[in-house]
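Asks: Can you keep this structure in mind? I'll have questions shortly.
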Amino acid sequence: MRNLREIESHFWVATVSTAEGDFETEVIITTQRIKAYACECFTPGRRLMCAHIAATLLKLRQFLEQRAEEKRAKAEAARSNEISRLTVQSVLEHATHKALEAFVRDYARRDRDFGLALKTWFAGSVTESENPFLLILDSVIPKSMPAKGYRDPDFRRIRKALDGLETQLDKYENERDFRSVFLITIAILKRILPLQGKTEGNRQEALAYFTRLALDKLTRASVSELSPELREIIWEFVFELGEGGLLAAELTRPALRFLSNTETYKTKQAEIRDHFDLAPYPAQPFLLHLFIASLSRQQLPAYVIRVLEDYKGMPERIRLAILELYYLDQWETTIETGRHFLGAGVFEGRYRQEIEDILLIIAEKSGKSDLRIQLLKDRFLETGRTDVFYKLREAAGDSWDTIRQELIKILADKAAGQQLAFLHAAEGQLDELALLVEKEHSVQFLQRYEQYFFDTNPGFVVQQYIRLLSGYLDDHFGTPAAIYVRQQLNELWQKGKPELAVNISGQLVAAFKDRLYLAEELKELQPGRKRKTVLP
């Protein structure tokens with residue numbers, strides 16, 4: 001036997017010399033068993049150990065025993081040389097169980113933090129209590145909260161206990177011990193949720209972190225990893241928190257998502273319905289949202305609408321319900337419900353815009369182009385906003401001509417002159433825009449759209465100003481009327497068209513020769529003269 005060496009961890013190679021020649025052997029061996037072996041003498045299909053492997057194993061055993069003995073000798077020598085350096089490990093090795101227990105008990109009495117850490121770490125091994133982790137929190141939470149809140153030392157102990165429970169929570173989760181995870185999480189939620197609502201600032205944020213963590217751990221385990229009994233208990237516990245109004249705002253949506261997951265808890269659909277049916281009207285938001293979320297997951301949007309119809313006189317309730325459906329990813333139901341109540345005129349102002357925005361987001365994210373076009377069209381017809389118009393035109397694509405004609409007809413029927421004029425202007429339909437300007441018979445309307453004609457048809461602008469201002473002068477007299485005319489023509493100066501202003505003022509002065517004040521005022525618009533301020 002020669003050249004025995006470890007190539008990789010637990011992988012040994014050696015050369016065995018015999019009268020028949022040298023054979024290289026390979027062995028994979030751990031402290032528990034021989035995992036694999038091979039020899040050059042093996043013929044195809046051979047599985048049994050040969051003499052060369054046996055010789056290698058014998059030599060390897062001798063080598064490993066010798067090496068272990070050397071390690072023990074070194075360790076003994078090292079311990080004899082460490083008398084001047086006392087370590088925790090060496091003390092634990094030499095201390096008796098009885099002495100160590102007495103020390104821990106005495107030290108825990110004298111040091112509250114050590115005692116708390118000890119109880120938190122080993123609480124899971126206490127089998128006499130139904131939930132030992134509840135007892136830990138009960139031991140650090142004062143029986144009553146002073147008007148000014150807990151003292152700093154009291155809150156620090158609560159925080160230390162929660163930090164210790166978080167460590168245990170991670171440990172049990174890694175070990176897949178879901179019963180212990182359940183006990184810790186319900187202890188945190190039962191005891192800390194009531195405190196969270198009574199604290200403020202950094203303390204409230206600290207407690208909120210642990211309640212979020214607890215709910216997340218409690219509801220995250222997959223169905224296959226939980227027993228039916230434990231699944232039932234978890235569902236009932238989370239439901240009771242929500243129904244009792246104990247869940248903080250940031251925990252409500254995760255709880256609803258968990259409770260309404262019918263793929264996991266199909267047996268709970270009837271129970272949710274029964275709770276809702278027995279609840280006094282109007283049902284509290286948590287129960288209402290849970291019921292409609294359950295209906296939505298069962299593909300029953302018509303029933304969701306029917307339920308919310310009972311709250312038609314409470315638009316805020318319906319708004320919150322639709323938003324909850326959206327955030328729970330129930331988009332199809334959100335669309336049907338939102339459009340139904342928008343069409344019913346339930347929402348006004350910012351509520352209406354908020355629901356429309358939600359539906360537009362869904363339409364964009366889900367690629368529902370027809371829905372997006374319809375929503376943008378409705379919003380433009382309602383508001384006339386230019387940004388909505390351009391979004392609509394972009395979304396319409398090849399169907400824009402058809403949609404534009406539809407918009408023109410609707411706006412014309414509604415006599416929505418401003419929106420119709422904007423549409424004609426944006427589309428470059430100047431002939432139609434000119435007809436509309438004439439029809440509106442308003443100086444302000446003309447001034448809003450006159451820039452579209454400056455280059456293509458300035459004569460139209462002059463004609464309309466003369467028509468409109470002449471009509472004004474027919475009914476108004478004196479200096480105020482002259483000042484008004486000058487102010488309107490001054491708009492053309494401001495827009496860089498003084499020649500048009502001079503042309504119009506000349507025609508007006510000629511048409512109203514008897515108006516001395518008018519001629520005097522309009523002289524201010526002549527080239528080379530210093531103009532008066534626009535204000536009278």
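Chain labels run A, B, ... following the order of the structure tokens; each chain numbers its residues from 1, and ligands are numbered from 1 in the order shown.
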Name all residues at most 10 Å from range 406-423 of chain A (count only C-alpha atoms; drop same-chain ones fewer than 4 positions away) and give them as number ranges by chain.
Replies: A: 377-378, 380-386, 389, 400-402, 427-430, 432-437, 439-440, 445, 448-449
Asks: Residues at most 12 Å from Glu354 in chain A, counting only C-alpha atoms, excluding those fewer than 2 positions away in the same chain, as a PyMOL selection string?
Replies: chain A and resi 316+319-320+322-323+326+338+342+347-352+356-361+379
Asks: Just the residues within 9 Å of Leu473 in chain A, please, counting only C-alpha atoms, with nothing from its chain fewer than 5 positions along; format it as a ChimeraX atom specification.
Replies: /A:468,481-482,485,512
Asks: From a DSSP calculation on the backbone, collect every residue of range 396-533 of chain A in helix (DSSP H, G or I) and output the set as a PyMOL selection string.
Replies: chain A and resi 396-414+417-426+430-440+443-452+458-475+478-494+498-511+516-523
Asks: Determine, counting only C-alpha atoms, which protein, DNA and RNA residues have an atom within 9 Å of an atom of range 281-297 of chain A; residues of the same chain fewer than 3 positions away are not included. Present the result as a compact mmCIF listing (two decimals) with N, CA and C atoms, in the first residue's frame.
Replies:
```
# COMPACT_ATOMS: atom_id res chain seq x y z
N GLY A 242 -59.84 40.99 12.20
CA GLY A 242 -60.46 41.95 11.29
C GLY A 242 -61.86 42.33 11.70
N GLU A 243 -62.66 41.34 12.06
CA GLU A 243 -64.04 41.61 12.45
C GLU A 243 -64.09 42.42 13.73
N GLY A 245 -62.09 44.74 14.51
CA GLY A 245 -61.54 46.07 14.30
C GLY A 245 -60.17 46.27 14.90
N THR A 252 -54.82 45.53 7.07
CA THR A 252 -56.15 45.13 6.60
C THR A 252 -56.09 44.45 5.24
N LEU A 256 -57.20 40.69 4.22
CA LEU A 256 -58.28 40.43 3.25
C LEU A 256 -57.80 39.51 2.13
N ARG A 257 -56.60 39.74 1.65
CA ARG A 257 -56.05 38.89 0.59
C ARG A 257 -55.96 37.44 1.05
N LEU A 259 -57.68 35.99 3.65
CA LEU A 259 -58.97 35.41 4.01
C LEU A 259 -59.85 35.12 2.80
N SER A 260 -59.71 35.91 1.73
CA SER A 260 -60.58 35.74 0.57
C SER A 260 -60.00 34.82 -0.49
N ASN A 261 -58.88 34.21 -0.20
CA ASN A 261 -58.24 33.33 -1.19
C ASN A 261 -59.02 32.03 -1.27
N THR A 262 -59.99 31.98 -2.17
CA THR A 262 -60.88 30.82 -2.22
C THR A 262 -60.20 29.57 -2.72
N GLU A 263 -59.08 29.71 -3.44
CA GLU A 263 -58.37 28.52 -3.89
C GLU A 263 -57.81 27.76 -2.69
N GLN A 269 -66.14 30.14 2.03
CA GLN A 269 -66.99 31.04 1.26
C GLN A 269 -68.38 31.17 1.91
N ILE A 272 -68.15 33.17 5.18
CA ILE A 272 -68.05 34.61 4.94
C ILE A 272 -69.42 35.20 4.62
N ARG A 273 -70.17 34.52 3.76
CA ARG A 273 -71.51 34.99 3.40
C ARG A 273 -72.43 35.05 4.62
N HIS A 275 -71.62 35.40 7.79
CA HIS A 275 -71.23 36.52 8.66
C HIS A 275 -71.76 37.84 8.09
N PHE A 276 -71.67 37.99 6.77
CA PHE A 276 -72.14 39.24 6.16
C PHE A 276 -73.66 39.36 6.28
N LEU A 300 -68.02 36.27 -9.67
CA LEU A 300 -69.42 36.71 -9.55
C LEU A 300 -69.50 38.23 -9.46
N PRO A 301 -69.02 38.96 -10.47
CA PRO A 301 -69.05 40.44 -10.38
C PRO A 301 -70.45 41.01 -10.30
N TYR A 303 -72.93 39.87 -8.65
CA TYR A 303 -73.35 39.83 -7.24
C TYR A 303 -72.66 40.92 -6.44
N VAL A 304 -71.42 41.25 -6.81
CA VAL A 304 -70.72 42.35 -6.13
C VAL A 304 -71.49 43.65 -6.35
N ILE A 305 -71.90 43.89 -7.59
CA ILE A 305 -72.67 45.10 -7.89
C ILE A 305 -73.98 45.11 -7.11
N VAL A 307 -74.62 43.71 -4.26
CA VAL A 307 -74.35 44.00 -2.85
C VAL A 307 -74.11 45.49 -2.64
N LEU A 308 -73.29 46.09 -3.52
CA LEU A 308 -72.94 47.50 -3.35
C LEU A 308 -74.10 48.43 -3.70
N ASP A 310 -76.88 48.35 -2.40
CA ASP A 310 -77.50 48.71 -1.12
C ASP A 310 -76.83 49.90 -0.46
N TYR A 311 -75.63 50.28 -0.96
CA TYR A 311 -74.88 51.38 -0.37
C TYR A 311 -74.84 52.58 -1.33
N ARG A 317 -68.45 54.67 0.78
CA ARG A 317 -68.36 53.23 1.02
C ARG A 317 -68.11 52.48 -0.29
N LEU A 320 -64.49 53.10 -1.54
CA LEU A 320 -63.50 52.30 -0.82
C LEU A 320 -63.57 50.83 -1.23
N ALA A 321 -64.78 50.34 -1.47
CA ALA A 321 -64.94 48.93 -1.89
C ALA A 321 -64.31 48.70 -3.26
N ILE A 322 -64.51 49.61 -4.19
CA ILE A 322 -63.92 49.46 -5.52
C ILE A 322 -62.39 49.54 -5.45
N GLU A 324 -60.57 48.70 -2.93
CA GLU A 324 -60.09 47.47 -2.31
C GLU A 324 -60.04 46.34 -3.33
N LEU A 325 -61.04 46.25 -4.18
CA LEU A 325 -61.03 45.23 -5.24
C LEU A 325 -59.83 45.43 -6.17
N LEU A 328 -56.63 44.34 -4.43
CA LEU A 328 -56.61 42.89 -4.26
C LEU A 328 -56.48 42.17 -5.61
N GLN A 330 -58.38 42.19 -8.18
CA GLN A 330 -59.63 41.72 -8.78
C GLN A 330 -60.05 42.72 -9.86
N GLU A 332 -61.09 42.52 -13.13
CA GLU A 332 -62.30 42.40 -13.94
C GLU A 332 -63.52 42.89 -13.16
N THR A 333 -63.60 42.51 -11.90
CA THR A 333 -64.71 42.98 -11.07
C THR A 333 -64.62 44.48 -10.85
```
